[in-house]
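A.B. asks: Starting off with a structure, shown below.
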2 protein chains.
Amino acid sequence: MPEFRQNVATKDWVIVATERAKRPEDFVAKKDKKERLPFREDCPFCPGNETKTPPSLYQVQNGKGWQVRVIPNKFAALVPDGEFKRIEGIPFHSMTGIGDHEVIIETPKHNLSPALLEPQDMKSLLAVYRDRYKKIISNPPRTQMIIMFRNHGESAGTSLEHPHSQVVATPIIPLHIKYRIDEALRYYESTGECVFCYMIDEEMKCGDRIIAKNDRFVVFEPFASSSPFETWIMPLRHSSSFDQITDDELSSLTTIFQDTLKRLYHGLDDPDYNYMIKSSPVDRRTSDYFHWYIKIVPRLTKAAGFEIGSGMYINSAMPEKCAEFLRNVNFSK
Amino acid sequence: MPEFRQNVATKDWVIVATERAKRPEDFVAKKDKKERLPFREDCPFCPGNETKTPPSLYQVQNGKGWQVRVIPNKFAALVPDGEFKRIEGIPFHSMTGIGDHEVIIETPKHNLSPALLEPQDMKSLLAVYRDRYKKIISNPPRTQMIIMFRNHGESAGTSLEHPHSQVVATPIIPLHIKYRIDEALRYYESTGECVFCYMIDEEMKCGDRIIAKNDRFVVFEPFASSSPFETWIMPLRHSSSFDQITDDELSSLTTIFQDTLKRLYHGLDDPDYNYMIKSSPVDRRTSDYFHWYIKIVPRLTKAAGFEIGSGMYINSAMPEKCAEFLRNVNFSK
């Protein structure tokens, strides 16, 4: 019998379609592997081609040159200069498209990805995430929301192959995020507790969906995962915004995050995925009711008319089985 | 300068990314056209292969056999028999996966689609949509939401090529739909007016995004379209649920809906798309504050980390330009 499952924090329902469920093994990507070289002449993000991009906003240097490079997005969705103001009122409510849109080039090597970086380079990358977060917060007071994300592979919407992440900072709170925050606040108001802390406790007590745990983070497939192998990485300490991660936490996160990406890489043969750092709006970043986390969404299935029409997902894999599969991946090869 | 735009009815924001905007012509699908035959031996939905599917729930006959055929989905996301009940309470809230999942085989001919049907066959199909809607409402009182949709082409999530639509009926209201209804109710409470009726009036007054209009329906690209060529078809008469469409309206809809699909077919070279009939929850289907409509979403771009993380879309085409393009398509060829 299929099941409706509800996420305790977001209140989203999902249908776990047992009648059409697949085994975790059935999701292993059967891609034609292209041999990728560490350098491509025609790639604007490869070293030596820096003039093909806007100048760096920030760089991490190593002995040989830059290790991580932050640049404005050349095809930015939002522009940094100008006034954030209403263009028209209702019914055609619009505002000027002011904001930040940065690209973080993760490594000089064209053929790597976070799963394959040296651990110290992964740590540098996460430190750059934090630094950019802090830098953007300190910008003029227009920033309300910072969205950090990574698109890996064509199904995940990548247009450039060279490993990179992106940051978009907006002067509005997207409606979907407002709803999430409202649900968390509603729980907090009636219990005095962070619903995400509660979720972590209960997931750890149950254990069926836990993939890994260390002293400061836990990795699991949520009970109401929307799609096969949806994976959350959460800090055990309550903290509502990513910019508040401590140095010790950054070290713990480096290991467990990279191990998780390796589990996907080796277990599912380098699937396309998106990951996002979910964090509080800027002005509520020390709240007691929201909890930051990283959400990884492998792009193994396609949203169709049902999902677009209802906002509810049909998951064709059991989260418990996906967690068991990822737990057992030998990722140290 | 890019623009943030807000949908007056849903309150969703979108970024219209003028800096990376494409011309409507750039979205013309450049597909390798496979020659499709009207019959395939191995297709379970082709005539003669009826034993490969569950038995019909309903059929429309023509002189030669069935013209439209409704069957239970063989790989149903929900099952019709059993009790709708809680399995576990919070934090792992789940319910039994009871509901309906039907497939509507739109025509015996394997190589057609709604854009290519004879007008009387398109009308039969829409009449079947209405009949199934009414039939499912009259089922035991468990149904809260009916989602009718169509997936056209691989990017839209089709697994079977033979033209078909689907209906899923759920005993819960998906959270995303609850939010939509709440926003519409909030507007109604402060104005006494349906926000969708208001939107229709204002879109018609402005005119820039109107594609077509007849005595009973209007077709337009919403001001805050989430993606290129997102198209809404709305009844001019306030009506909150599709089951209440009159015979006259069904005739008017047949023409304008099929013309719209032809505009996409000829203008964009048969793009992949989803369409959904958006309608009130069953127990509120005579409400004054929600308004049913058909939403067509051509799948020309991919949601990436930003969209998944924020629920906000970056639209790389101007709705006004897309509307102008579709208005000018010669679709009577």
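FYI, nothing fancy with the structure tokens labels: chains A, B, ... in order, residues from 1 per chain, ligands from 1 as they appear.
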Excluding Cys194 in chain B and any residue of its chain fewer than 3 positions from it, enumerate the residues within 9 Å of it, using only C-alpha atoms, and give them as a list of chain:residue names.
C.D. replies: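 Non-adjacent residues within range: B:Ala184, B:Leu185, B:Tyr187, B:Tyr188, B:Thr191, B:Cys197, B:Tyr198, B:Met199, B:His238, B:Asp288, B:Tyr289, B:Phe290, B:His291.
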A.B. asks: Residues of chain A within 6 Å of chain B, using only C-alpha atoms, as an NGL selection string?
C.D. replies: :A and (2-6 or 8 or 12 or 17 or 20 or 75 or 77 or 91 or 93-97 or 149-151 or 156-157 or 175-176 or 274 or 276 or 302 or 304-305 or 309 or 311)
A.B. asks: For the residues in that selection, give me C-alpha atoms as a short mmCIF file (atom, residue, chain, number, x, y, z; two decimals), in the first residue's frame.
C.D. replies:
data_model
loop_
_atom_site.label_atom_id
_atom_site.label_comp_id
_atom_site.auth_asym_id
_atom_site.auth_seq_id
_atom_site.Cartn_x
_atom_site.Cartn_y
_atom_site.Cartn_z
CA PRO A 2 1.38 3.45 -0.90
CA GLU A 3 1.85 5.99 1.90
CA PHE A 4 1.25 9.68 2.35
CA ARG A 5 4.09 11.04 4.49
CA GLN A 6 4.37 14.50 5.97
CA VAL A 8 7.21 17.52 10.39
CA ASP A 12 4.80 19.11 2.99
CA ALA A 17 4.60 5.05 -4.19
CA ARG A 20 5.84 1.52 -8.40
CA PHE A 75 24.95 36.60 -17.10
CA ALA A 77 19.94 37.27 -12.86
CA PRO A 91 -2.00 44.30 -9.99
CA HIS A 93 3.53 44.60 -8.85
CA SER A 94 7.19 44.80 -9.79
CA MET A 95 10.48 45.94 -8.29
CA THR A 96 13.88 46.66 -9.78
CA GLY A 97 16.04 43.55 -10.07
CA PHE A 149 23.63 26.44 -4.44
CA ARG A 150 25.44 24.13 -6.78
CA ASN A 151 24.21 22.57 -10.03
CA ALA A 156 20.66 19.71 -12.71
CA GLY A 157 20.74 22.74 -14.99
CA LEU A 175 7.22 33.29 -0.85
CA HIS A 176 8.13 29.63 -0.55
CA ASN A 274 21.74 20.12 -6.90
CA MET A 276 21.49 24.18 -1.53
CA LYS A 302 11.53 14.38 -13.55
CA ALA A 304 5.71 16.14 -14.27
CA GLY A 305 2.18 17.59 -14.42
CA GLY A 309 -0.01 21.11 -10.45
CA GLY A 311 3.36 20.94 -5.44
#
A.B. asks: Near range 207-211 of chain A, within 12 Å and counting only C-alpha atoms, which residues show up once chain neighbours fewer than 2 positions away are dropped, as a JSON list (two decimals) with C-alpha atoms, in the first residue's frame?
C.D. replies:
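Below is the file that was written, result_24.json:
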[["chain", "number", "residue", "atom", "x", "y", "z"],
["A", 199, "MET", "CA", 13.31, 16.24, 13.82],
["A", 200, "ILE", "CA", 17.04, 15.55, 14.29],
["A", 201, "ASP", "CA", 16.41, 13.96, 17.71],
["A", 202, "GLU", "CA", 13.66, 11.76, 16.40],
["A", 203, "GLU", "CA", 15.55, 10.73, 13.26],
["A", 204, "MET", "CA", 18.54, 9.76, 15.41],
["A", 205, "LYS", "CA", 16.33, 7.83, 17.87],
["A", 213, "LYS", "CA", 26.95, 11.07, 11.98],
["A", 214, "ASN", "CA", 29.94, 12.75, 13.56],
["A", 217, "PHE", "CA", 26.61, 16.87, 12.08],
["A", 218, "VAL", "CA", 24.13, 14.22, 11.07],
["A", 219, "VAL", "CA", 23.28, 13.08, 7.52],
["A", 220, "PHE", "CA", 19.95, 11.44, 6.76],
["A", 221, "GLU", "CA", 17.20, 10.87, 4.21],
["A", 222, "PRO", "CA", 14.15, 12.66, 5.59],
["A", 223, "PHE", "CA", 11.12, 10.50, 6.44],
["A", 224, "ALA", "CA", 9.10, 12.44, 3.82],
["A", 225, "SER", "CA", 11.83, 12.73, 1.15],
["A", 229, "PHE", "CA", 18.14, 9.92, -2.39],
["A", 230, "GLU", "CA", 17.14, 13.40, -1.17],
["A", 231, "THR", "CA", 19.67, 13.93, 1.61],
["A", 232, "TRP", "CA", 19.89, 16.48, 4.43],
["A", 233, "ILE", "CA", 23.03, 17.41, 6.35],
["A", 234, "MET", "CA", 22.21, 19.17, 9.62],
["A", 256, "ILE", "CA", 30.94, 14.52, 6.47],
["A", 257, "PHE", "CA", 29.76, 16.59, 3.49],
["A", 259, "ASP", "CA", 31.94, 11.71, 2.40],
["A", 260, "THR", "CA", 28.24, 12.11, 1.52],
["A", 261, "LEU", "CA", 29.08, 13.36, -1.97],
["A", 263, "ARG", "CA", 28.76, 8.00, -1.36],
["A", 264, "LEU", "CA", 26.61, 9.41, -4.16],
["A", 318, "MET", "CA", 11.70, 4.18, 0.01],
["A", 319, "PRO", "CA", 13.86, 6.64, 2.00],
["A", 320, "GLU", "CA", 14.82, 3.82, 4.41],
["A", 321, "LYS", "CA", 16.16, 1.69, 1.57],
["A", 322, "CYS", "CA", 18.02, 4.64, -0.01],
["A", 323, "ALA", "CA", 19.63, 5.42, 3.36],
["A", 324, "GLU", "CA", 20.67, 1.79, 3.82],
["A", 325, "PHE", "CA", 22.15, 1.76, 0.32],
["A", 326, "LEU", "CA", 24.19, 4.94, 0.91],
["A", 327, "ARG", "CA", 25.30, 3.77, 4.38],
["A", 328, "ASN", "CA", 26.82, 0.68, 2.77],
["A", 329, "VAL", "CA", 28.70, 2.40, -0.05],
["B", 92, "PHE", "CA", 6.64, 10.55, 11.41]]
A.B. asks: Please extract the residues of range 147-258 of chain B with a backbone DSSP assignment of strand (DSSP E or B) and present them as a PyMOL selection string.
C.D. replies: chain B and resi 147-152+164-170+210-213+217-220+231-235
A.B. asks: Neighbours of Leu117 in chain A within 9 Å (only C-alpha atoms; same-chain residues fewer than 5 positions away dropped), as a ChimeraX atom specification?
C.D. replies: /A:107,112,122,258
A.B. asks: Can I get the selection written as a compact mmCIF listing (two decimals), in the first residue's frame, with C-alpha atoms?
C.D. replies:
# COMPACT_ATOMS: atom_id res chain seq x y z
CA THR A 107 39.10 24.61 -8.23
CA LEU A 112 37.11 17.72 -10.51
CA MET A 122 37.06 21.15 0.13
CA GLN A 258 32.51 15.31 1.23
A.B. asks: As a ChimeraX atom specification, please: every residue in range 245-298 of chain B that a backbone DSSP assignment puts in alpha helix (DSSP H).
C.D. replies: /B:247-267
A.B. asks: Excluding Asp215 in chain A and its own-chain neighbours fewer than 3 positions away, which residues fall within 10 Å of it when counting only C-alpha atoms? Please give them as an MDAnalysis selection string.
C.D. replies: chainID A and resid 218 235:236 249 252:253
A.B. asks: Range 38-46 of chain A: which residues within 9 Å, counting only C-alpha atoms, same-chain residues fewer than 3 positions away excluded, as a PyMOL selection string?
C.D. replies: chain A and resi 49-53+105+107-112+160-164
A.B. asks: Would you kindly return, as a ChimeraX atom specification, each protein, DNA or RNA residue with an atom no farther than 8 Å from any atom of Lys22 in chain B, considering only C-alpha atoms and excluding same-chain residues fewer than 4 positions away?
C.D. replies: /B:26-27,316-317
A.B. asks: With C-alpha atoms retained, could you export that selection as an mmCIF file, in the first residue's frame?
C.D. replies:
data_model
loop_
_atom_site.group_PDB
_atom_site.id
_atom_site.type_symbol
_atom_site.label_atom_id
_atom_site.label_comp_id
_atom_site.auth_asym_id
_atom_site.auth_seq_id
_atom_site.Cartn_x
_atom_site.Cartn_y
_atom_site.Cartn_z
ATOM 1 C CA ASP B 26 15.436 31.039 -29.435
ATOM 2 C CA PHE B 27 13.097 28.589 -27.704
ATOM 3 C CA SER B 316 14.749 34.154 -19.198
ATOM 4 C CA ALA B 317 12.045 35.475 -21.530
#
A.B. asks: Using Å and a single decimal, report how far CA of Thr246 in chain A sits from CA of Gln144 in chain A.
C.D. replies: 22.2 Å
A.B. asks: For CA of Pro72 in chain A and CA of Glu102 in chain A, determine how far apart the two atoms are, in Å to one decimal place.
C.D. replies: 4.4 Å
A.B. asks: Which distance in Å separates CA of Ser56 in chain A and CA of Leu125 in chain A, to one decimal?
C.D. replies: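 Rounded to one decimal, the two atoms are 15.4 Å apart.
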